[in-house]
Amino acid sequence: MKQISENVWQVCAGVFPANSYLWTGPVPGGAIVVDTGLDPEPILAGLKVLDVRPAAIFCTHGHFDHIGSASVLQNAFGSDVYLHAADAKTAKVANFLMMAFKIPAKLKLPRFSLLQDEVGETRIGEVSVRHRLVPGHSPGSCLIEIGGTCFSGDTLYSGGLGLSKIPGEDPDVLRSSLRKVWDTIDPATLVCPGHGRTAIFADIRAHNTELVEFMAARNEGMAA
Amino acid sequence: MDLRHDVLQIIFEALKSLNEELPEDQQVALSEDTLLFGGESTIDSLSLVSVIVDVETAISTQFDRPVALTDDRAMSREPSPFTSVRTLTDFVVELLTEKA
């Protein structure tokens with residue numbers, strides 16, 4: 001487990017590694033988990049080290065490497081697991097995708113609390129968790145924002161692009177989503193992506209040239 | 001036309017679409033014996049996902065009812081419905097002939 005900021009820790013493990021985050025603050029149990037990789041053990045170990053329990057679990061999107069351990073954590077702690085409604089089907093095909101990609105794991109889906117609307121806030125204890133729907137990587141991908149931290153899943157990386165050619169992905173829609181939120185994110189925001197390193201948003205704007213070029217390109221459906 | 005024939009044609013259409021993306025020496029045979037998944041299949045993971053999603057969409061459209069090929073019911077079947085064109089056809093026919 002790696003400490004990212006005063007109250008954010010990152011866990012990355014499993015047969016298909018993805019970042020999970022433990023956020024600590026004034027919520028019942030002391031923590032919120034964002035994304036749950038395929039391997040629950042390092043997340044459980046991290047919660048134990050921090051001596052916290054997750055009041056809630058937010059999944060940035062429904063791909064298997066981001067929801068994999070959610071049911072284990074839900075069963076252990078009784079936490080609500082939040083996912084945008086537009087990715088409910090994405091989650092349902094998780095085991096099919098893992099089979100197709102020959103990933104030796106199988107997951108059980110949690111009981112999801114489905115987030116609605118393009119933008120919304122969920123009150124967890126004294127904390128407001130904001131979601132912004134940013135489809136493209138998947139239909140229901142979201143930015144999950146708590147205070148000055150943005151958990152960006154596979155929509156916004158510190159380096160490179162979140163394109164994988166998995167059905168449900170739409171590069172043009174991703175481009176539109178990124179353009180829509182690009183100037184609304186505070187440059188000082190700590191961005192915690194689903195893969196790769198965390199970064200301050202100002203640094204992503206300055207250094208993620210692949211992403212900037214992708215955003216500047218024309219949509220495939222448009223005439224040259 | 002019988003149901004099995006219609007389903008088979010939908011699967012072949014999905015494979016034809018895949019073949020349009022593949023080089024000449026990697027074309028997938030339009031046969032019930034064609035292997036879709038497993039060690040001897042020549043179809044890569046992303047292509048398999050794409051074919052199955054295409055079939056799922058086409059079946060649901062043509063028969064005007066939702067058909068789920070990618071949920072956990074399909075995943076729990078032995079042998080896997082995704083093993084070959086034949087097993088996939090049989091699975092789809094089974095789903096379509098179930099009482100609503």
# chains A, B, ... in the order shown; residues from 1 in each chain; ligands from 1
>>> residues_around(residues="Pro139 of chain A", least_positions_apart="2", cutoff="9 Å", atoms="only C-alpha atoms", output="ChimeraX atom specification")
/A:61,86-87,90,133-137,141,168-170,173
>>> write_last_selection(atoms="N, CA, C and O atoms", output="PDB file, in the first residue's frame")
ATOM      1  N   HIS A  61     -16.148   2.683 -12.846  1.00  0.00           N
ATOM      2  CA  HIS A  61     -16.860   2.070 -13.972  1.00  0.00           C
ATOM      3  C   HIS A  61     -16.976   0.572 -13.731  1.00  0.00           C
ATOM      4  O   HIS A  61     -16.489   0.068 -12.718  1.00  0.00           O
ATOM      5  N   ALA A  86     -25.500   3.509 -16.034  1.00  0.00           N
ATOM      6  CA  ALA A  86     -25.142   3.264 -17.436  1.00  0.00           C
ATOM      7  C   ALA A  86     -24.094   2.166 -17.585  1.00  0.00           C
ATOM      8  O   ALA A  86     -23.821   1.719 -18.700  1.00  0.00           O
ATOM      9  N   ASP A  87     -23.484   1.747 -16.485  1.00  0.00           N
ATOM     10  CA  ASP A  87     -22.504   0.663 -16.560  1.00  0.00           C
ATOM     11  C   ASP A  87     -22.993  -0.630 -15.907  1.00  0.00           C
ATOM     12  O   ASP A  87     -22.201  -1.560 -15.702  1.00  0.00           O
ATOM     13  N   THR A  90     -22.300  -3.360 -18.280  1.00  0.00           N
ATOM     14  CA  THR A  90     -20.852  -3.605 -18.347  1.00  0.00           C
ATOM     15  C   THR A  90     -20.432  -4.538 -17.212  1.00  0.00           C
ATOM     16  O   THR A  90     -19.649  -5.471 -17.408  1.00  0.00           O
ATOM     17  N   LEU A 133     -20.614  11.892 -14.855  1.00  0.00           N
ATOM     18  CA  LEU A 133     -20.630  10.867 -15.906  1.00  0.00           C
ATOM     19  C   LEU A 133     -19.741  11.324 -17.062  1.00  0.00           C
ATOM     20  O   LEU A 133     -19.927  12.420 -17.611  1.00  0.00           O
ATOM     21  N   VAL A 134     -18.758  10.495 -17.394  1.00  0.00           N
ATOM     22  CA  VAL A 134     -17.837  10.803 -18.501  1.00  0.00           C
ATOM     23  C   VAL A 134     -17.728   9.568 -19.400  1.00  0.00           C
ATOM     24  O   VAL A 134     -16.712   8.876 -19.421  1.00  0.00           O
ATOM     25  N   PRO A 135     -18.783   9.263 -20.164  1.00  0.00           N
ATOM     26  CA  PRO A 135     -18.763   8.048 -20.981  1.00  0.00           C
ATOM     27  C   PRO A 135     -17.685   8.099 -22.053  1.00  0.00           C
ATOM     28  O   PRO A 135     -17.210   9.165 -22.427  1.00  0.00           O
ATOM     29  N   GLY A 136     -17.320   6.928 -22.526  1.00  0.00           N
ATOM     30  CA  GLY A 136     -16.315   6.839 -23.583  1.00  0.00           C
ATOM     31  C   GLY A 136     -15.463   5.594 -23.385  1.00  0.00           C
ATOM     32  O   GLY A 136     -15.468   4.695 -24.212  1.00  0.00           O
ATOM     33  N   HIS A 137     -14.767   5.533 -22.270  1.00  0.00           N
ATOM     34  CA  HIS A 137     -14.045   4.285 -21.962  1.00  0.00           C
ATOM     35  C   HIS A 137     -15.059   3.171 -21.765  1.00  0.00           C
ATOM     36  O   HIS A 137     -14.857   2.034 -22.192  1.00  0.00           O
ATOM     37  N   SER A 141     -18.779   5.285 -17.281  1.00  0.00           N
ATOM     38  CA  SER A 141     -17.581   5.746 -16.564  1.00  0.00           C
ATOM     39  C   SER A 141     -17.866   7.078 -15.885  1.00  0.00           C
ATOM     40  O   SER A 141     -18.529   7.950 -16.444  1.00  0.00           O
ATOM     41  N   GLY A 168     -18.287  -1.370 -26.005  1.00  0.00           N
ATOM     42  CA  GLY A 168     -18.826  -0.373 -25.066  1.00  0.00           C
ATOM     43  C   GLY A 168     -17.971   0.872 -25.051  1.00  0.00           C
ATOM     44  O   GLY A 168     -18.412   1.940 -24.642  1.00  0.00           O
ATOM     45  N   GLU A 169     -16.733   0.715 -25.528  1.00  0.00           N
ATOM     46  CA  GLU A 169     -15.833   1.872 -25.617  1.00  0.00           C
ATOM     47  C   GLU A 169     -16.180   2.669 -26.878  1.00  0.00           C
ATOM     48  O   GLU A 169     -16.516   2.100 -27.904  1.00  0.00           O
ATOM     49  N   ASP A 170     -16.080   3.997 -26.771  1.00  0.00           N
ATOM     50  CA  ASP A 170     -16.326   4.859 -27.928  1.00  0.00           C
ATOM     51  C   ASP A 170     -15.352   6.038 -27.871  1.00  0.00           C
ATOM     52  O   ASP A 170     -15.539   6.959 -27.066  1.00  0.00           O
ATOM     53  N   VAL A 173     -16.866   9.530 -28.130  1.00  0.00           N
ATOM     54  CA  VAL A 173     -17.598   9.917 -26.918  1.00  0.00           C
ATOM     55  C   VAL A 173     -16.615  10.252 -25.791  1.00  0.00           C
ATOM     56  O   VAL A 173     -16.815  11.204 -25.032  1.00  0.00           O
TER      57      VAL A 173
END
>>> interface_residues(of="chain A", to="chain B", cutoff="7 Å", atoms="only C-alpha atoms", output="list of chain:residue names")
A:Lys92, A:Val93, A:Asn95, A:Phe96, A:Ala100, A:Phe101, A:Ile166, A:Pro167
>>> residues_around(residues="Ser79 of chain A", least_positions_apart="2", cutoff="9 Å", atoms="only C-alpha atoms", output="list in words")
Arg53, Pro54, Ala55, Ala56, Ile57, Leu73, Gln74, Asn75, Ala76, Phe77 and Val81 of chain A
>>> write_last_selection(atoms="N, CA, C and O atoms", output="PDB file, in the first residue's frame")
ATOM      1  N   ARG A  53     -12.944   1.014   8.384  1.00  0.00           N
ATOM      2  CA  ARG A  53     -13.901   0.184   7.649  1.00  0.00           C
ATOM      3  C   ARG A  53     -14.537   1.063   6.574  1.00  0.00           C
ATOM      4  O   ARG A  53     -14.779   2.253   6.821  1.00  0.00           O
ATOM      5  N   PRO A  54     -14.810   0.494   5.413  1.00  0.00           N
ATOM      6  CA  PRO A  54     -15.396   1.345   4.352  1.00  0.00           C
ATOM      7  C   PRO A  54     -16.878   1.626   4.594  1.00  0.00           C
ATOM      8  O   PRO A  54     -17.683   0.699   4.683  1.00  0.00           O
ATOM      9  N   ALA A  55     -17.216   2.907   4.691  1.00  0.00           N
ATOM     10  CA  ALA A  55     -18.620   3.292   4.784  1.00  0.00           C
ATOM     11  C   ALA A  55     -19.295   3.087   3.440  1.00  0.00           C
ATOM     12  O   ALA A  55     -20.501   2.833   3.371  1.00  0.00           O
ATOM     13  N   ALA A  56     -18.535   3.215   2.386  1.00  0.00           N
ATOM     14  CA  ALA A  56     -19.086   3.068   1.037  1.00  0.00           C
ATOM     15  C   ALA A  56     -17.965   2.713   0.074  1.00  0.00           C
ATOM     16  O   ALA A  56     -16.782   2.957   0.355  1.00  0.00           O
ATOM     17  N   ILE A  57     -18.374   2.128  -1.026  1.00  0.00           N
ATOM     18  CA  ILE A  57     -17.437   1.779  -2.102  1.00  0.00           C
ATOM     19  C   ILE A  57     -17.971   2.418  -3.383  1.00  0.00           C
ATOM     20  O   ILE A  57     -19.147   2.243  -3.714  1.00  0.00           O
ATOM     21  N   LEU A  73     -15.857  -7.100  -0.183  1.00  0.00           N
ATOM     22  CA  LEU A  73     -15.857  -6.001   0.778  1.00  0.00           C
ATOM     23  C   LEU A  73     -17.282  -5.732   1.281  1.00  0.00           C
ATOM     24  O   LEU A  73     -17.484  -5.443   2.460  1.00  0.00           O
ATOM     25  N   GLN A  74     -18.253  -5.830   0.384  1.00  0.00           N
ATOM     26  CA  GLN A  74     -19.635  -5.604   0.803  1.00  0.00           C
ATOM     27  C   GLN A  74     -20.062  -6.649   1.828  1.00  0.00           C
ATOM     28  O   GLN A  74     -20.701  -6.332   2.835  1.00  0.00           O
ATOM     29  N   ASN A  75     -19.694  -7.901   1.576  1.00  0.00           N
ATOM     30  CA  ASN A  75     -20.054  -8.955   2.521  1.00  0.00           C
ATOM     31  C   ASN A  75     -19.328  -8.790   3.850  1.00  0.00           C
ATOM     32  O   ASN A  75     -19.866  -9.101   4.912  1.00  0.00           O
ATOM     33  N   ALA A  76     -18.101  -8.307   3.801  1.00  0.00           N
ATOM     34  CA  ALA A  76     -17.311  -8.166   5.028  1.00  0.00           C
ATOM     35  C   ALA A  76     -17.768  -6.977   5.872  1.00  0.00           C
ATOM     36  O   ALA A  76     -17.740  -7.035   7.110  1.00  0.00           O
ATOM     37  N   PHE A  77     -18.163  -5.900   5.216  1.00  0.00           N
ATOM     38  CA  PHE A  77     -18.420  -4.657   5.961  1.00  0.00           C
ATOM     39  C   PHE A  77     -19.848  -4.122   5.791  1.00  0.00           C
ATOM     40  O   PHE A  77     -20.215  -3.146   6.439  1.00  0.00           O
ATOM     41  N   VAL A  81     -22.312  -0.260  -2.423  1.00  0.00           N
ATOM     42  CA  VAL A  81     -21.392  -0.193  -3.562  1.00  0.00           C
ATOM     43  C   VAL A  81     -22.068   0.613  -4.663  1.00  0.00           C
ATOM     44  O   VAL A  81     -23.128   0.228  -5.166  1.00  0.00           O
TER      45      VAL A  81
END
>>> atom_distance(atom1="atom CA of Leu174 of chain A", atom2="atom CA of Ala88 of chain A")
18.4 Å
>>> select_by_dssp(residues="chain B", states="helix (DSSP H, G or I)", output="VMD selection string")
chain B and resid 3 to 21 24 to 26 45 to 62 72 to 75 85 to 97
